[in-house]
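Q: One structure, pasted below without further comment.
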Amino acid sequence: MQVENKDAAEVGNQRGQVKTFKSKLALKRKETQQKNVEVENEKKQYCLRAKAPRKVEDAKVIKSKTLKLGRKKKAENNDEIIEVEKIVIVSKSVDAGASCQLRNITDSRHYNYFEEKEKATVLQFFSLCHTFSNAYMDDTLTIQGRLLEDLMFDKFTSSEVIDFYSKWLKKHSSEGAKSLYVSFVAWTHLKTDQKKCVQRTLHDVLEKELADDIKYVFIPMNTSKSRHQAEGYHWTLLVLNYQDKKFEHYDSMKPRKGLLNLSYEEAVVMRNEVVDWINSHRAETKKSKISLLKGVKTPTCPQQGTTYVMIGQKH
């Protein structure tokens, strides 16, 4: 009789636990649904706020606000500041109603790594501009607000940002180590076997800029994660140390040991293309061939999901 009572009590406890678990699960689902609704409402509010006020007067409003902010900053501090009007160009080809206000940059985990002067510039841009406002523009490159937003909130880094950074490094590189920066499109053209484009974006650049005093050649590559296109792509970096005659491939998403590393295989294809061109060009100019080390080294580098290199962090 006591055993039966014990069994009944255990069954009762188990049923009570199941009931409690179901209640918690239902509550969790309700909270998740409510959160999703709040997120959707917030997105709608962003778009609604962006439409009406800034259709015609966008450029004028931005300029006037910028001047006021600039004067205020100068009154507070005599140090030189970068005024937003120097970097903000509103795209006239896009209706302001089609764009949305940029997210609050202070919500980005990278924001606090900027210095105070940089924070002021970035904050002004994100406060005054929209997704289609131009943050940077030259003869070959345009970077809109949406691309900066993606960068600051850990979405896919656009090719425009990669090209801008290459230009910035080229402009600010130290005199002690001269470097050559190849555009990301060189690999895109090589992968799709567009020979004329490879000639223009890779061979012509090497012929024009690859001198004996070059230390490094940087080649950004948008490589495949796997053979399945649905898994997408990510950025890796192939580096030729021209003085030491070796190639290195930096990949922040290396697969587990034993699994296929397609990014590395694609880096080897690019390496072979560069080596073949260098030696054929030296033969044409009656120079001796360079004995470049075979293969591509894969040095240790920060991995996504474990180690993060923050934007603006000093190294």
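Labeling convention for the structure tokens: chains A, B, ... as they appear, residues from 1 per chain, ligands from 1 in order of appearance.
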At a cut-off of 6 Å, using only C-alpha atoms, what residues contact Thr131 (chain A)? Leave out same-chain residues fewer than 5 positions from it and give the result as a list in words.
A: Ser99, Cys100, Leu102, Gly145 and Arg146 of chain A
Q: Taking the chain letters and numbering used in this document, name the residues of region 74-309 of chain A that DSSP puts in helix (DSSP H, G or I), as a PyMOL selection string.
A: chain A and resi 74-76+84-86+96-98+105-107+111-113+116-128+145-152+159-172+185-191+195-209+229-231+262-284
Q: Using only C-alpha atoms, which residues sit within 9 Å of region 164-171 of chain A once same-chain residues fewer than 5 positions away are excluded, as a PyMOL selection string?
A: chain A and resi 136+141-143+159+178-183+218
Q: Using only C-alpha atoms, determine which residues lie at most 12 Å from region 283-297 of chain A, disregarding the query and same-chain residues fewer than 6 positions distant; provide the list as a ChimeraX atom specification.
A: /A:207,212,237-251,263-272,274-277
Q: Could the residues in this selection be saved with C-alpha atoms as an mmCIF file, in the first residue's frame?
A:
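And here is the file that came out, part.cif:
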```cif
data_model
loop_
_atom_site.group_PDB
_atom_site.id
_atom_site.type_symbol
_atom_site.label_atom_id
_atom_site.label_comp_id
_atom_site.auth_asym_id
_atom_site.auth_seq_id
_atom_site.Cartn_x
_atom_site.Cartn_y
_atom_site.Cartn_z
ATOM 1 C CA GLU A 207 52.689 45.654 -64.306
ATOM 2 C CA ASP A 212 61.379 45.668 -56.537
ATOM 3 C CA LEU A 237 42.865 38.150 -47.460
ATOM 4 C CA LEU A 238 45.706 36.802 -49.596
ATOM 5 C CA VAL A 239 49.050 38.519 -48.935
ATOM 6 C CA LEU A 240 52.207 38.240 -51.009
ATOM 7 C CA ASN A 241 55.356 39.094 -49.066
ATOM 8 C CA TYR A 242 57.350 40.110 -52.116
ATOM 9 C CA GLN A 243 60.635 40.461 -50.249
ATOM 10 C CA ASP A 244 60.456 37.033 -48.564
ATOM 11 C CA LYS A 245 58.840 35.444 -51.664
ATOM 12 C CA LYS A 246 55.950 33.797 -49.823
ATOM 13 C CA PHE A 247 52.141 33.910 -49.765
ATOM 14 C CA GLU A 248 49.924 33.967 -46.669
ATOM 15 C CA HIS A 249 46.153 33.523 -46.483
ATOM 16 C CA TYR A 250 44.169 35.072 -43.609
ATOM 17 C CA ASP A 251 40.758 33.505 -42.979
ATOM 18 C CA SER A 263 38.512 29.477 -49.220
ATOM 19 C CA TYR A 264 42.071 28.154 -49.088
ATOM 20 C CA GLU A 265 41.675 26.321 -52.418
ATOM 21 C CA GLU A 266 40.491 29.566 -54.038
ATOM 22 C CA ALA A 267 43.440 31.439 -52.517
ATOM 23 C CA VAL A 268 45.791 28.903 -54.144
ATOM 24 C CA VAL A 269 44.145 29.568 -57.532
ATOM 25 C CA MET A 270 44.771 33.317 -57.121
ATOM 26 C CA ARG A 271 48.343 32.649 -55.931
ATOM 27 C CA ASN A 272 49.090 30.580 -59.048
ATOM 28 C CA VAL A 274 49.920 35.963 -59.675
ATOM 29 C CA VAL A 275 53.028 33.753 -59.800
ATOM 30 C CA ASP A 276 52.432 32.825 -63.461
ATOM 31 C CA TRP A 277 52.038 36.493 -64.413
#
```
Q: Please, what distance in Å, to one decimal, runs between CA of Phe184 (chain A) and CA of Ile219 (chain A)?
A: 6.7 Å
Q: At a cut-off of 9 Å, using only C-alpha atoms, what residues contact Arg109 (chain A)? Leave out same-chain residues fewer than 4 positions from it and give the result as a list in words.
A: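 Using only C-alpha atoms, the neighbours found are Ile105, Tyr113, Met152, Phe153 and Met310 of chain A.
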Q: Just the selected residues (all heavy atoms), exported as a PDB file, in the first residue's frame, please.
A:
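Heads up, here's the output in result-v2.pdb:
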```pdb
ATOM      1  N   ILE A 105      23.327  54.926 -33.642  1.00  0.00           N
ATOM      2  CA  ILE A 105      24.691  54.402 -33.669  1.00  0.00           C
ATOM      3  C   ILE A 105      25.213  54.062 -32.277  1.00  0.00           C
ATOM      4  O   ILE A 105      26.099  53.200 -32.125  1.00  0.00           O
ATOM      5  CB  ILE A 105      25.644  55.405 -34.359  1.00  0.00           C
ATOM      6  CG1 ILE A 105      27.020  54.787 -34.598  1.00  0.00           C
ATOM      7  CG2 ILE A 105      25.763  56.686 -33.559  1.00  0.00           C
ATOM      8  CD1 ILE A 105      26.997  53.552 -35.446  1.00  0.00           C
ATOM      9  N   TYR A 113      34.491  52.283 -29.120  1.00  0.00           N
ATOM     10  CA  TYR A 113      35.909  52.142 -29.447  1.00  0.00           C
ATOM     11  C   TYR A 113      36.443  53.328 -30.245  1.00  0.00           C
ATOM     12  O   TYR A 113      37.634  53.405 -30.517  1.00  0.00           O
ATOM     13  CB  TYR A 113      36.145  50.839 -30.218  1.00  0.00           C
ATOM     14  CG  TYR A 113      36.020  49.627 -29.336  1.00  0.00           C
ATOM     15  CD1 TYR A 113      34.779  49.016 -29.123  1.00  0.00           C
ATOM     16  CD2 TYR A 113      37.128  49.105 -28.673  1.00  0.00           C
ATOM     17  CE1 TYR A 113      34.650  47.920 -28.293  1.00  0.00           C
ATOM     18  CE2 TYR A 113      37.018  48.007 -27.837  1.00  0.00           C
ATOM     19  CZ  TYR A 113      35.774  47.417 -27.656  1.00  0.00           C
ATOM     20  OH  TYR A 113      35.658  46.336 -26.823  1.00  0.00           O
ATOM     21  N   MET A 152      28.584  48.760 -38.976  1.00  0.00           N
ATOM     22  CA  MET A 152      28.575  49.050 -37.541  1.00  0.00           C
ATOM     23  C   MET A 152      27.702  48.087 -36.742  1.00  0.00           C
ATOM     24  O   MET A 152      27.879  47.944 -35.531  1.00  0.00           O
ATOM     25  CB  MET A 152      28.106  50.490 -37.305  1.00  0.00           C
ATOM     26  CG  MET A 152      29.073  51.552 -37.815  1.00  0.00           C
ATOM     27  SD  MET A 152      30.714  51.435 -37.058  1.00  0.00           S
ATOM     28  CE  MET A 152      30.330  51.713 -35.333  1.00  0.00           C
ATOM     29  N   PHE A 153      26.765  47.411 -37.436  1.00  0.00           N
ATOM     30  CA  PHE A 153      25.876  46.494 -36.714  1.00  0.00           C
ATOM     31  C   PHE A 153      26.101  45.038 -37.136  1.00  0.00           C
ATOM     32  O   PHE A 153      25.190  44.215 -37.126  1.00  0.00           O
ATOM     33  CB  PHE A 153      24.413  46.911 -36.902  1.00  0.00           C
ATOM     34  CG  PHE A 153      24.055  48.160 -36.142  1.00  0.00           C
ATOM     35  CD1 PHE A 153      24.158  49.405 -36.742  1.00  0.00           C
ATOM     36  CD2 PHE A 153      23.657  48.098 -34.814  1.00  0.00           C
ATOM     37  CE1 PHE A 153      23.854  50.564 -36.041  1.00  0.00           C
ATOM     38  CE2 PHE A 153      23.348  49.246 -34.102  1.00  0.00           C
ATOM     39  CZ  PHE A 153      23.454  50.488 -34.719  1.00  0.00           C
ATOM     40  N   MET A 310      37.747  44.754 -32.771  1.00  0.00           N
ATOM     41  CA  MET A 310      36.762  45.821 -32.809  1.00  0.00           C
ATOM     42  C   MET A 310      37.173  46.936 -33.773  1.00  0.00           C
ATOM     43  O   MET A 310      38.351  47.234 -33.914  1.00  0.00           O
ATOM     44  CB  MET A 310      36.587  46.419 -31.399  1.00  0.00           C
ATOM     45  CG  MET A 310      36.050  45.438 -30.394  1.00  0.00           C
ATOM     46  SD  MET A 310      34.396  44.854 -30.799  1.00  0.00           S
ATOM     47  CE  MET A 310      33.999  43.956 -29.299  1.00  0.00           C
TER      48      MET A 310
END
```
Q: With distances taken over only C-alpha atoms, which residue among A:Arg103, A:His110, A:His172, A:His189 lies nearest Thr201 (chain A)?
A: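 Result for the nearest residue to Thr201 (chain A): A:His189.
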Q: What is the distance between CA of Asp154 (chain A) and CA of Tyr111 (chain A), in Å to one decimal?
A: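 Calculated distance between CA of Asp154 (chain A) and CA of Tyr111 (chain A) is 12.0 Å.
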